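So this one's final37.txt, compact mmCIF, C-alpha atoms:
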```
# COMPACT_ATOMS: atom_id res chain seq x y z
CA MET O 4 -104.94 -117.37 135.05
CA THR O 5 -104.16 -115.27 138.10
CA LYS O 6 -100.67 -114.50 136.74
CA GLN O 7 -102.12 -113.38 133.37
CA PHE O 8 -104.66 -111.18 135.14
CA THR O 9 -101.90 -109.61 137.24
CA LYS O 10 -99.83 -108.84 134.09
CA LEU O 11 -102.85 -107.16 132.48
CA ILE O 12 -103.34 -104.92 135.55
CA ILE O 13 -99.64 -103.89 135.53
CA ILE O 14 -99.79 -103.04 131.80
CA PHE O 15 -102.99 -101.06 132.35
CA LEU O 16 -101.48 -99.02 135.18
CA THR O 17 -98.27 -98.42 133.21
CA LEU O 18 -100.24 -96.87 130.36
CA ILE O 19 -102.88 -94.94 132.25
CA LEU O 20 -100.97 -93.44 135.23
CA PRO O 21 -98.56 -91.16 133.21
CA ALA O 22 -101.51 -89.80 131.26
CA PHE O 23 -103.40 -89.25 134.51
CA PHE O 24 -100.53 -87.29 136.05
CA TYR O 25 -100.05 -85.27 132.82
CA ILE O 26 -103.73 -84.27 132.85
CA GLY O 27 -103.50 -83.44 136.54
CA CYS O 28 -100.54 -81.04 135.98
CA GLY O 29 -102.44 -79.49 133.14
CA LEU O 30 -105.55 -78.95 135.25
CA SER O 31 -103.41 -77.57 138.03
CA THR O 32 -101.92 -75.01 135.65
CA ILE O 33 -105.34 -73.90 134.42
CA GLU O 34 -106.61 -73.52 137.96
CA GLN O 35 -103.65 -71.33 138.88
CA ASN O 36 -104.05 -69.06 135.85
CA PRO O 37 -107.29 -69.87 134.05
CA LYS O 38 -107.15 -66.68 131.98
CA ASN O 39 -103.93 -67.69 130.19
CA ALA O 40 -105.44 -71.00 129.10
CA LEU O 41 -108.18 -69.18 127.15
CA GLU O 42 -105.97 -66.56 125.42
CA PRO O 43 -103.74 -67.25 122.42
CA PRO O 44 -99.97 -67.18 123.05
CA GLN O 45 -98.58 -63.62 123.21
CA LYS O 46 -95.71 -62.54 120.96
CA PRO O 47 -92.59 -61.54 122.89
CA LYS O 48 -92.04 -57.79 123.12
CA PRO O 49 -89.45 -56.55 120.63
CA THR O 50 -86.03 -55.82 122.10
CA PRO O 51 -85.23 -52.09 121.94
CA ALA O 52 -82.75 -51.20 119.19
CA LYS O 53 -79.20 -50.98 120.46
CA THR O 54 -77.69 -47.52 120.43
CA ASP O 55 -74.17 -48.67 121.22
CA GLY O 56 -71.55 -49.05 118.52
CA SER O 57 -70.42 -46.67 115.81
CA ILE O 58 -70.98 -45.97 112.12
CA PHE O 59 -68.28 -45.56 109.47
CA THR O 60 -69.73 -43.70 106.46
CA VAL O 61 -68.33 -43.11 102.97
CA ILE O 62 -69.63 -40.01 101.14
CA GLU O 63 -68.95 -39.50 97.45
CA ILE O 64 -68.10 -35.81 96.85
CA GLU O 65 -67.00 -35.75 93.21
CA ASP O 66 -70.04 -33.52 92.59
CA LEU O 67 -69.69 -31.01 95.42
CA GLU O 68 -73.25 -29.76 95.02
CA TYR O 69 -74.79 -33.23 95.13
CA PRO O 70 -72.85 -35.55 97.48
CA THR O 71 -74.16 -39.11 97.82
CA LEU O 72 -73.95 -41.57 100.70
CA ALA O 73 -72.05 -44.41 99.08
CA ALA O 74 -71.71 -46.88 101.95
CA SER O 75 -71.72 -47.38 105.71
CA ILE O 76 -70.38 -50.01 108.11
CA ARG O 77 -71.88 -50.48 111.56
CA LEU O 78 -69.11 -51.35 114.05
CA PRO O 79 -70.02 -52.96 117.40
CA TYR O 80 -67.79 -50.61 119.39
CA ARG O 81 -68.61 -47.33 121.16
CA VAL O 82 -66.94 -44.05 120.22
CA ASN O 83 -65.90 -41.13 122.39
CA PRO O 84 -65.45 -37.46 121.37
CA ASN O 85 -61.66 -37.92 120.96
CA ASN O 86 -61.88 -40.73 118.41
CA THR O 87 -60.97 -39.97 114.80
CA VAL O 88 -60.78 -41.39 111.30
CA VAL O 89 -57.78 -41.04 109.00
CA PHE O 90 -57.04 -42.56 105.62
CA ALA O 91 -53.73 -43.45 104.02
CA GLY O 92 -53.45 -44.99 100.58
CA LYS O 93 -56.08 -47.69 100.20
CA HIS O 94 -57.04 -47.96 103.86
CA ALA O 95 -59.02 -46.02 106.44
CA TYR O 96 -58.07 -46.28 110.10
CA VAL O 97 -60.74 -45.64 112.70
CA THR O 98 -60.50 -45.48 116.48
CA THR O 99 -63.29 -46.29 118.91
CA GLU O 100 -63.05 -46.33 122.72
CA LYS O 101 -60.51 -49.16 123.01
CA HIS O 102 -60.11 -50.35 119.43
CA LEU O 103 -58.32 -49.50 116.19
CA HIS O 104 -60.14 -50.68 113.05
CA VAL O 105 -58.70 -51.18 109.57
CA ILE O 106 -61.03 -50.76 106.57
CA ASP O 107 -60.03 -51.37 102.95
CA ILE O 108 -61.25 -48.42 100.81
CA SER O 109 -59.51 -49.34 97.55
CA ILE O 110 -63.07 -49.27 96.13
CA PRO O 111 -64.65 -46.63 98.39
CA GLN O 112 -68.22 -47.44 97.32
CA PHE O 113 -67.64 -50.99 98.59
CA PRO O 114 -65.49 -50.65 101.73
CA SER O 115 -64.26 -53.88 103.31
CA TYR O 116 -63.69 -54.31 107.04
CA LEU O 117 -60.38 -56.10 107.64
CA THR O 118 -59.57 -56.33 111.33
CA THR O 119 -59.53 -54.74 114.78
CA LEU O 120 -56.65 -54.16 117.21
CA THR O 121 -57.64 -54.00 120.90
CA PHE O 122 -55.99 -51.75 123.51
CA LYS O 123 -56.13 -52.10 127.29
CA ASP O 124 -57.05 -48.45 127.92
CA LYS O 125 -59.17 -45.86 126.18
CA ILE O 126 -57.69 -44.34 123.03
CA GLY O 127 -58.44 -41.23 120.97
CA LYS O 128 -56.79 -39.64 117.94
CA VAL O 129 -55.07 -41.70 115.22
CA LEU O 130 -52.52 -40.31 112.73
CA SER O 131 -50.65 -41.89 109.83
CA SER O 132 -46.96 -41.70 108.83
CA GLY O 133 -45.88 -44.15 106.13
CA ASN O 134 -46.32 -47.67 107.47
CA LEU O 135 -46.85 -46.38 111.01
CA LEU O 136 -49.88 -45.19 112.93
CA VAL O 137 -49.69 -43.15 116.09
CA VAL O 138 -52.62 -43.67 118.43
CA ALA O 139 -53.04 -41.32 121.39
CA SER O 140 -54.47 -42.08 124.81
CA PRO O 141 -54.77 -39.72 127.79
CA LYS O 142 -51.20 -40.30 129.06
CA LYS O 143 -49.56 -42.48 126.39
CA PHE O 144 -49.16 -42.78 122.66
CA HIS O 145 -48.86 -46.06 120.79
CA ILE O 146 -46.88 -46.85 117.63
CA VAL O 147 -48.67 -49.37 115.40
CA ASN O 148 -47.04 -50.99 112.36
CA VAL O 149 -49.46 -51.37 109.43
CA SER O 150 -47.02 -52.54 106.75
CA LYS O 151 -49.51 -55.43 106.55
CA PRO O 152 -52.81 -53.57 107.07
CA SER O 153 -54.76 -56.77 107.71
CA GLN O 154 -52.33 -57.60 110.55
CA PRO O 155 -51.59 -54.40 112.49
CA THR O 156 -49.06 -54.89 115.29
CA LEU O 157 -48.49 -52.77 118.37
CA GLN O 158 -44.82 -51.83 118.09
CA SER O 159 -44.33 -49.69 121.19
CA THR O 160 -46.11 -47.69 123.87
CA ASN O 161 -44.60 -44.39 124.98
CA TYR O 162 -45.03 -41.65 127.59
CA LEU O 163 -44.09 -38.01 127.28
CA SER O 164 -40.69 -37.31 128.83
CA ASP O 165 -42.30 -35.52 131.79
CA ARG O 166 -45.07 -38.14 132.10
CA LYS O 167 -47.72 -35.42 131.77
CA ALA O 168 -51.11 -35.94 130.15
CA ILE O 169 -51.29 -35.58 126.35
CA ILE O 170 -53.47 -32.72 125.09
CA ASP O 171 -53.07 -33.25 121.33
CA ILE O 172 -50.74 -34.74 118.69
CA ASP O 173 -49.88 -34.15 115.03
CA ILE O 174 -47.41 -35.62 112.51
CA ARG O 175 -45.37 -33.79 109.88
CA ASP O 176 -42.41 -35.09 107.87
CA GLU O 177 -41.85 -38.22 110.00
CA HIS O 178 -41.92 -36.19 113.20
CA LEU O 179 -44.48 -36.45 115.96
CA TYR O 180 -45.48 -33.25 117.75
CA ALA O 181 -47.21 -33.75 121.11
CA VAL O 182 -48.58 -30.99 123.33
CA GLY O 183 -48.72 -31.95 126.99
CA GLU O 184 -50.13 -30.39 130.11
CA ASN O 185 -48.71 -27.04 131.27
CA ASP O 186 -48.07 -25.94 127.65
CA SER O 187 -45.17 -28.31 127.01
CA LEU O 188 -44.21 -29.37 123.48
CA HIS O 189 -42.48 -32.70 122.82
CA ILE O 190 -41.07 -33.65 119.41
CA TYR O 191 -40.14 -37.21 118.38
CA SER O 192 -38.55 -38.65 115.26
CA LEU O 193 -40.41 -41.59 113.70
CA HIS O 194 -38.05 -42.36 110.81
CA THR O 195 -36.65 -45.51 112.50
CA GLY O 196 -40.13 -46.87 113.19
CA TYR O 197 -39.88 -45.92 116.86
CA ALA O 198 -40.49 -42.67 118.75
CA LEU O 199 -37.04 -41.16 119.41
CA PRO O 200 -37.10 -37.95 121.53
CA VAL O 201 -35.69 -34.89 119.75
CA ILE O 202 -36.77 -31.71 121.56
CA SER O 203 -38.91 -30.76 124.54
CA GLU O 204 -39.65 -27.11 125.24
CA LYS O 205 -42.01 -24.79 127.07
CA LEU O 206 -44.59 -22.89 125.06
CA MET O 207 -45.40 -19.25 125.67
CA ASN O 208 -48.11 -18.52 128.20
CA ARG O 209 -50.58 -16.88 125.85
CA TRP O 210 -52.71 -17.60 122.78
CA TRP O 211 -50.52 -19.29 120.20
CA LEU O 212 -50.49 -21.41 117.06
CA LEU O 213 -47.61 -23.66 115.98
CA SER O 214 -45.95 -23.94 112.59
CA PRO O 215 -43.03 -26.16 111.45
CA ASP O 216 -39.91 -24.02 111.21
CA VAL O 217 -37.46 -23.96 108.31
CA GLU O 218 -35.10 -25.91 110.56
CA VAL O 219 -37.12 -29.12 110.89
CA PRO O 220 -38.26 -30.31 113.39
CA LYS O 221 -38.23 -27.00 115.26
CA VAL O 222 -41.46 -25.06 115.45
CA LYS O 223 -42.37 -21.41 115.25
CA GLN O 224 -44.74 -20.11 117.90
CA ILE O 225 -47.06 -17.54 116.39
CA LYS O 226 -48.46 -15.03 118.84
CA LEU O 227 -52.07 -14.21 118.21
CA PRO O 228 -54.12 -11.34 119.62
CA THR O 229 -57.38 -11.94 121.43
CA THR O 230 -59.32 -10.10 118.70
CA PRO O 231 -60.18 -11.27 115.17
CA THR O 232 -57.27 -9.15 113.84
CA ILE O 233 -54.73 -11.51 112.24
CA PRO O 234 -51.00 -10.65 112.14
CA ASP O 235 -49.21 -10.72 108.79
CA VAL O 236 -46.74 -13.30 110.11
CA LEU O 237 -49.62 -15.77 109.93
CA SER O 238 -50.11 -14.97 106.25
CA GLU O 239 -46.40 -15.51 105.58
CA THR O 240 -46.63 -18.89 107.32
CA LEU O 241 -49.60 -20.06 105.26
CA LEU O 242 -48.21 -18.86 101.93
CA SER O 243 -44.79 -20.44 102.66
CA LYS O 244 -46.45 -23.90 102.36
CA ARG O 245 -45.07 -24.85 105.77
CA GLY O 246 -48.54 -24.30 107.10
CA LEU O 247 -49.74 -24.86 110.63
CA LEU O 248 -49.72 -27.95 112.77
CA GLN O 249 -53.20 -29.28 113.45
CA LEU O 250 -52.79 -28.98 117.19
CA HIS O 251 -55.36 -27.40 119.47
CA SER O 252 -54.57 -23.76 120.16
CA SER O 253 -53.67 -22.67 123.68
CA ARG O 254 -57.39 -21.91 124.14
CA GLY O 255 -58.31 -25.48 123.28
CA GLU O 256 -59.68 -24.73 119.81
CA LYS O 257 -59.35 -27.06 116.82
CA VAL O 258 -57.11 -25.63 114.10
CA ARG O 259 -57.22 -26.43 110.36
CA ALA O 260 -55.25 -24.65 107.64
CA SER O 261 -54.56 -24.73 103.90
CA SER O 262 -52.15 -22.64 101.83
CA ASN O 263 -54.51 -19.64 101.94
CA PHE O 264 -56.92 -20.15 104.83
CA LEU O 265 -56.93 -20.64 108.57
CA VAL O 266 -60.09 -22.06 110.13
CA MET O 267 -60.47 -22.31 113.91
CA GLU O 268 -63.20 -23.23 116.35
CA SER O 269 -64.95 -20.26 117.89
CA LEU O 270 -65.01 -20.99 121.60
CA LYS O 271 -64.88 -17.33 122.53
CA ASP O 272 -68.18 -16.57 120.81
CA PRO O 273 -70.56 -19.52 121.37
CA THR O 274 -73.15 -18.02 119.00
CA CYS O 275 -70.82 -18.79 116.07
CA ASP O 276 -69.08 -21.98 115.00
CA LEU O 277 -65.80 -21.01 113.32
CA LEU O 278 -63.41 -18.11 112.79
CA ILE O 279 -61.98 -17.91 109.26
CA SER O 280 -58.91 -15.94 108.13
CA ALA O 281 -57.34 -15.63 104.67
CA ALA O 282 -53.81 -15.00 103.36
CA LYS O 283 -52.82 -13.49 100.02
CA LYS O 284 -50.05 -11.61 98.23
CA MET O 285 -50.45 -7.87 97.64
CA ASN O 286 -47.66 -5.94 95.91
CA ASN O 287 -45.32 -8.87 96.62
CA LEU O 288 -46.10 -8.61 100.31
CA SER O 289 -47.98 -11.15 102.41
CA HIS O 290 -51.24 -9.85 103.81
CA SER O 291 -53.76 -11.38 106.21
CA GLN O 292 -57.39 -10.58 106.70
CA SER O 293 -60.08 -11.93 108.95
CA LEU O 294 -63.16 -13.10 107.11
CA GLY O 295 -65.01 -13.05 110.40
CA TYR O 296 -67.09 -15.43 112.44
CA PHE O 297 -68.89 -18.20 110.59
CA LYS O 298 -72.23 -19.89 111.33
CA ALA O 299 -72.38 -23.28 109.61
CA ASP O 300 -76.16 -23.61 109.29
CA TYR O 301 -76.92 -20.01 108.26
CA SER O 302 -76.72 -20.49 104.47
CA TYR O 303 -78.54 -23.83 104.55
CA LEU O 304 -81.41 -22.44 106.59
CA ASN O 305 -81.72 -19.56 104.12
CA HIS O 306 -81.87 -22.12 101.32
CA LEU O 307 -84.60 -24.12 103.08
CA ASN O 308 -86.62 -20.98 103.76
CA ALA O 309 -86.31 -19.93 100.11
CA THR O 310 -87.48 -23.33 98.86
CA GLY O 311 -90.23 -23.62 101.48
CA GLN O 312 -89.13 -27.07 102.65
CA LYS O 313 -90.72 -28.16 105.92
CA THR O 314 -89.18 -31.63 106.28
CA LEU O 315 -85.99 -33.39 105.24
CA ALA O 316 -85.30 -37.09 104.67
CA ARG O 317 -82.47 -38.84 106.48
CA GLY O 318 -79.77 -40.21 104.19
CA LYS O 319 -79.68 -43.87 103.14
CA PRO O 320 -76.26 -45.22 102.11
CA THR O 321 -76.44 -47.25 98.91
CA ASN O 322 -74.52 -50.10 100.52
CA ARG O 323 -74.96 -50.86 104.21
CA TYR O 324 -72.97 -53.36 106.24
CA THR O 325 -72.54 -54.49 109.82
CA VAL O 326 -69.66 -56.26 111.55
CA ASN O 327 -70.64 -59.30 113.61
CA SER O 328 -68.06 -61.61 115.22
CA GLY O 329 -65.35 -60.11 113.03
CA LYS O 330 -67.25 -60.66 109.77
CA MET O 331 -68.86 -58.00 107.58
CA LEU O 332 -72.46 -58.70 106.59
CA GLN O 333 -74.67 -56.71 104.22
CA ILE O 334 -77.82 -55.14 105.66
CA ASP O 335 -81.06 -54.89 103.68
CA GLN O 336 -82.11 -51.34 102.95
CA ASP O 337 -84.70 -49.94 105.37
CA SER O 338 -87.82 -49.04 103.41
CA SER O 339 -89.04 -46.45 105.92
CA ASP O 340 -88.12 -42.79 105.51
CA LYS O 341 -86.94 -40.98 108.62
CA LYS O 342 -88.10 -37.40 108.40
CA ILE O 343 -86.59 -34.32 110.03
CA LYS O 344 -88.77 -31.34 110.78
CA VAL O 345 -87.06 -28.14 109.72
CA ASN O 346 -86.36 -26.19 112.89
CA THR O 347 -84.71 -22.86 112.24
CA LYS O 348 -83.28 -22.66 115.77
CA ARG O 349 -81.01 -25.69 116.12
CA LEU O 350 -81.64 -27.84 113.05
CA MET O 351 -78.07 -29.04 112.58
CA GLY O 352 -76.55 -28.71 116.03
CA SER O 353 -73.00 -27.63 116.83
CA VAL O 354 -70.00 -28.27 114.57
CA THR O 355 -68.20 -31.42 115.75
CA ASP O 356 -65.39 -31.52 113.16
CA PHE O 357 -64.21 -29.75 110.02
CA GLN O 358 -61.47 -30.05 107.41
CA ILE O 359 -60.15 -27.70 104.72
CA LEU O 360 -58.46 -28.59 101.42
CA GLU O 361 -57.25 -25.59 99.42
CA ASN O 362 -60.36 -23.36 99.40
CA MET O 363 -62.95 -26.07 100.19
CA LEU O 364 -64.34 -26.30 103.73
CA TYR O 365 -66.05 -29.53 104.88
CA ILE O 366 -68.11 -29.63 108.07
CA VAL O 367 -70.06 -32.20 110.08
CA ASN O 368 -72.66 -31.18 112.66
CA ALA O 369 -73.80 -32.88 115.85
CA LYS O 370 -77.29 -33.76 114.59
CA GLY O 371 -76.03 -35.67 111.55
CA PHE O 372 -75.34 -33.22 108.71
CA PHE O 373 -72.44 -32.93 106.25
CA SER O 374 -71.85 -29.59 104.48
CA ILE O 375 -69.47 -28.22 101.85
CA PHE O 376 -68.48 -24.55 101.40
CA SER O 377 -66.05 -22.81 99.08
CA LEU O 378 -64.01 -19.94 100.52
CA SER O 379 -62.76 -16.83 98.75
CA ILE O 380 -59.91 -14.47 99.61
CA GLU O 381 -61.51 -11.71 97.53
CA GLY O 382 -63.93 -10.54 100.18
CA GLN O 383 -66.77 -13.05 99.76
CA ARG O 384 -66.71 -14.86 103.07
CA ASP O 385 -68.26 -18.17 102.07
CA ASN O 386 -70.27 -19.86 99.34
CA TRP O 387 -72.55 -22.68 100.46
CA LEU O 388 -72.53 -25.57 98.01
CA SER O 389 -74.45 -28.39 99.69
CA THR O 390 -75.71 -29.92 102.92
CA THR O 391 -76.46 -33.64 103.17
CA PRO O 392 -78.47 -35.21 106.01
CA LEU O 393 -76.69 -38.38 107.12
CA GLN O 394 -78.33 -41.45 108.62
CA ALA O 395 -79.48 -40.75 112.18
CA SER O 396 -76.17 -40.26 114.00
CA HIS O 397 -73.83 -37.96 115.89
CA PRO O 398 -70.68 -37.39 113.75
CA ILE O 399 -67.38 -37.35 115.64
CA SER O 400 -64.63 -37.00 113.03
CA ILE O 401 -64.21 -36.47 109.30
CA ALA O 402 -61.37 -37.20 106.83
CA ILE O 403 -61.36 -35.83 103.27
CA GLY O 404 -59.94 -37.41 100.11
CA LYS O 405 -60.04 -36.30 96.48
CA ASN O 406 -63.50 -37.64 95.70
CA PHE O 407 -64.65 -39.16 98.98
CA ALA O 408 -65.21 -38.14 102.59
CA TYR O 409 -65.04 -40.56 105.52
CA VAL O 410 -66.99 -39.99 108.73
CA ILE O 411 -67.06 -41.85 112.04
CA SER O 412 -70.24 -41.32 114.07
CA ALA O 413 -72.10 -42.48 117.15
CA PRO O 414 -75.58 -43.83 116.41
CA GLU O 415 -78.49 -41.59 117.34
CA GLY O 416 -79.37 -41.97 121.00
CA SER O 417 -75.95 -43.13 122.17
CA GLN O 418 -74.78 -39.59 122.98
CA LYS O 419 -76.14 -38.02 126.16
```

Would you write the structure of this file as structure tokens?
Amino acid sequence: MTKQFTKLIIIFLTLILPAFFYIGCGLSTIEQNPKNALEPPQKPKPTPAKTDGSIFTVIEIEDLEYPTLAASIRLPYRVNPNNTVVFAGKHAYVTTEKHLHVIDISIPQFPSYLTTLTFKDKIGKVLSSGNLLVVASPKKFHIVNVSKPSQPTLQSTNYLSDRKAIIDIDIRDEHLYAVGENDSLHIYSLHTGYALPVISEKLMNRWWLLSPDVEVPKVKQIKLPTTPTIPDVLSETLLSKRGLLQLHSSRGEKVRASSNFLVMESLKDPTCDLLISAAKKMNNLSHSQSLGYFKADYSYLNHLNATGQKTLARGKPTNRYTVNSGKMLQIDQDSSDKKIKVNTKRLMGSVTDFQILENMLYIVNAKGFFSIFSLSIEGQRDNWLSTTPLQASHPISIAIGKNFAYVISAPEGSQK
């Protein structure tokens, strides 16, 4: 009997003691913070949206007056002001701080992210030559083989012959032209798939532009005055189809040229964005004329004032994607409309990049705008065709195809 009674006590204690201690811990918690016990659980605060990364955007420009945002891909990699986008064939190549990205644009409205190649140091400009890409960094340039675009391979890493820093690079006819510190020009042949040194020379100590010479790969240094007056030798260069290399001028200005037009950054006059010059034949002689300084937002602001618009809507790409762990995922369309108040002072911000094809000028501005102008050599300086607000972003670089434009941007808030 005593044994049975003892067993019952042990069973009783085994069942009741854990519950007793559980209640005790609970009471202890309430006593320490009695207010929390009476309030419903609080939802965790939302994590602030990340501003890192970059945005690759495809803009359909078949109708120049009504461009449409066809698609965008959010890449989880930061961009710097030297990064660029270039396209070759069915692929776009994009650089971010330490990465080269390959995107299939065989169907531009539905771009497909393929892969990323990582570099040890920061990189900037990327250029294409056949199955090769040249990727610049502050003191080196890299040769990347993209004969299999989904499997890019780093083929070689090179320094300039004097080991100086690289200011800018361009490619023409399988030759790489690199401008280094102290106005030095280095030319390499790429036809073997490697960078083989050809010529190194000193550039003149004044304002110059560079053009491929008749004797490739030599270059012609074109002396330019410090005024908007343009020498006729520039007109002869443009009309000869040899054109100008897209290398920064000796004043550090971006240079873009077509067969009739030269467009340069206007660093000398900060109140304007670009300086535009034209070339044409008159009485069988080449003639140049300056079309003057150009303000990118002037025509658009006039249009907004004429229509009385007070706000603008940020663009929404039809197809939106993000890259996560190397895979591209589609993003649902945001139903909210981000509005922009029309501010006539600095609505669009400074010009960050521009390209020219024949007589068409394409511009992106710092506050996320894409504009198209047509240029005329007959005295009319410019004809504004359209301006498209992009998704909230800071455009860095633009590449132009026949019916599509490709832009790489930093998300809004990531640029200081």

Proximity to O:Ala395 - best of O:Asn362, O:Ser159, O:Leu378, O:Ile343, only C-alpha atoms: O:Ile343

Nearest candidate to O:Arg245 (options O:Thr391, O:Ser214, O:Asn263, O:Thr274; using all atoms listed in the file): O:Ser214

Compile a residue-level contact table for stretch 132-223 of chain O against stretch 107-128 of chain O at a cut-off of 10 Å, reporting for every qualifying residue the shortest atom pair and its distance in Å to one decimal, with all atoms listed in the file counted, rows ordered by chain and ascending number, as JSON lines.
```
{"residue": "O:Val137", "atom": "CA", "partner": "O:Lys128", "partner_atom": "CA", "distance": 8.1}
{"residue": "O:Val138", "atom": "CA", "partner": "O:Lys128", "partner_atom": "CA", "distance": 5.8}
{"residue": "O:Ala139", "atom": "CA", "partner": "O:Lys128", "partner_atom": "CA", "distance": 5.4}
{"residue": "O:Ser140", "atom": "CA", "partner": "O:Ile126", "partner_atom": "CA", "distance": 4.3}
{"residue": "O:Pro141", "atom": "CA", "partner": "O:Ile126", "partner_atom": "CA", "distance": 7.2}
{"residue": "O:Lys142", "atom": "CA", "partner": "O:Ile126", "partner_atom": "CA", "distance": 9.7}
{"residue": "O:Lys143", "atom": "CA", "partner": "O:Ile126", "partner_atom": "CA", "distance": 9.0}
{"residue": "O:Phe144", "atom": "CA", "partner": "O:Ile126", "partner_atom": "CA", "distance": 8.7}
{"residue": "O:His145", "atom": "CA", "partner": "O:Ile126", "partner_atom": "CA", "distance": 9.3}
{"residue": "O:Val147", "atom": "CA", "partner": "O:Leu120", "partner_atom": "CA", "distance": 9.5}
{"residue": "O:Pro152", "atom": "CA", "partner": "O:Leu117", "partner_atom": "CA", "distance": 8.0}
{"residue": "O:Ser153", "atom": "CA", "partner": "O:Leu117", "partner_atom": "CA", "distance": 5.7}
{"residue": "O:Gln154", "atom": "CA", "partner": "O:Thr118", "partner_atom": "CA", "distance": 7.4}
{"residue": "O:Pro155", "atom": "CA", "partner": "O:Leu120", "partner_atom": "CA", "distance": 6.9}
{"residue": "O:Thr156", "atom": "CA", "partner": "O:Leu120", "partner_atom": "CA", "distance": 7.9}
{"residue": "O:Leu157", "atom": "CA", "partner": "O:Leu120", "partner_atom": "CA", "distance": 8.4}
{"residue": "O:Asp171", "atom": "CA", "partner": "O:Lys128", "partner_atom": "CA", "distance": 8.1}
{"residue": "O:Ile172", "atom": "CA", "partner": "O:Lys128", "partner_atom": "CA", "distance": 7.8}
{"residue": "O:Asp173", "atom": "CA", "partner": "O:Lys128", "partner_atom": "CA", "distance": 9.3}
```

Distance query O:Trp387 at most 8 Å, all atoms listed in the file, self and fewer than 2 positions along chain excluded, as number ranges by chain: O: 302-303, 375-377, 385, 389

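Of note, atom CA of O:Ile411 and atom CA of O:Leu130 are spaced 14.6 Å apart.
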
Selected residue of minimal separation from O:Ile169 among O:Leu278, O:Leu250, O:Leu213, O:Val410, counting all atoms listed in the file: O:Leu250

Contacts of O:Asn327 at 10 Å (only C-alpha atoms; same-chain gap of 6+ positions) as a ChimeraX atom specification: /O:77-79

Nearby residues (only C-alpha atoms) at most 12 Å from O:Tyr191, same-chain spacing under 4 positions excluded, as a PyMOL selection string: chain O and resi 137+144+146+161-164+172-182+195-203+219-221

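Here the question is which of O:Ser379, O:Ser57, O:Ser132, O:Asn406 gets nearest to O:Glu361 using all atoms listed in the file, and that residue is O:Ser379.
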
Extract stretch 250-292 of chain O from the coordinates I pasted, and write it as an mmCIF file, in the first residue's frame (atoms kept: C-alpha atoms).
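Below you can see result_23.cif, which holds the result:
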```
data_model
loop_
_atom_site.group_PDB
_atom_site.id
_atom_site.type_symbol
_atom_site.label_atom_id
_atom_site.label_comp_id
_atom_site.auth_asym_id
_atom_site.auth_seq_id
_atom_site.Cartn_x
_atom_site.Cartn_y
_atom_site.Cartn_z
ATOM 1 C CA LEU O 250 37.932 59.678 -76.497
ATOM 2 C CA HIS O 251 37.671 62.482 -73.976
ATOM 3 C CA SER O 252 39.143 65.706 -75.314
ATOM 4 C CA SER O 253 42.237 67.178 -73.686
ATOM 5 C CA ARG O 254 39.830 69.221 -71.526
ATOM 6 C CA GLY O 255 38.158 66.060 -70.257
ATOM 7 C CA GLU O 256 34.962 66.448 -72.289
ATOM 8 C CA LYS O 257 32.991 63.541 -73.758
ATOM 9 C CA VAL O 258 33.076 63.504 -77.563
ATOM 10 C CA ARG O 259 30.475 61.989 -79.916
ATOM 11 C CA ALA O 260 30.389 62.366 -83.702
ATOM 12 C CA SER O 261 28.463 61.236 -86.779
ATOM 13 C CA SER O 262 29.176 61.895 -90.456
ATOM 14 C CA ASN O 263 27.826 65.454 -90.176
ATOM 15 C CA PHE O 264 27.838 66.422 -86.512
ATOM 16 C CA LEU O 265 30.207 66.806 -83.597
ATOM 17 C CA VAL O 266 28.679 66.903 -80.113
ATOM 18 C CA MET O 267 30.821 67.629 -77.047
ATOM 19 C CA GLU O 268 30.252 68.231 -73.375
ATOM 20 C CA SER O 269 30.287 71.882 -72.391
ATOM 21 C CA LEU O 270 32.572 72.051 -69.380
ATOM 22 C CA LYS O 271 33.701 75.567 -70.176
ATOM 23 C CA ASP O 272 30.189 76.983 -69.834
ATOM 24 C CA PRO O 273 28.421 75.198 -66.943
ATOM 25 C CA THR O 274 25.115 76.919 -67.766
ATOM 26 C CA CYS O 275 24.869 74.787 -70.930
ATOM 27 C CA ASP O 276 25.107 71.049 -71.485
ATOM 28 C CA LEU O 277 26.591 70.473 -74.944
ATOM 29 C CA LEU O 278 28.386 72.218 -77.798
ATOM 30 C CA ILE O 279 27.188 71.149 -81.258
ATOM 31 C CA SER O 280 28.979 71.674 -84.582
ATOM 32 C CA ALA O 281 27.954 70.680 -88.114
ATOM 33 C CA ALA O 282 29.824 69.791 -91.318
ATOM 34 C CA LYS O 283 28.569 70.105 -94.890
ATOM 35 C CA LYS O 284 29.710 70.513 -98.487
ATOM 36 C CA MET O 285 29.463 73.940 -100.116
ATOM 37 C CA ASN O 286 30.658 74.399 -103.707
ATOM 38 C CA ASN O 287 32.535 71.084 -103.403
ATOM 39 C CA LEU O 288 34.380 72.394 -100.373
ATOM 40 C CA SER O 289 34.039 71.156 -96.801
ATOM 41 C CA HIS O 290 32.651 73.747 -94.427
ATOM 42 C CA SER O 291 32.138 73.715 -90.663
ATOM 43 C CA GLN O 292 29.826 75.770 -88.543
#
```
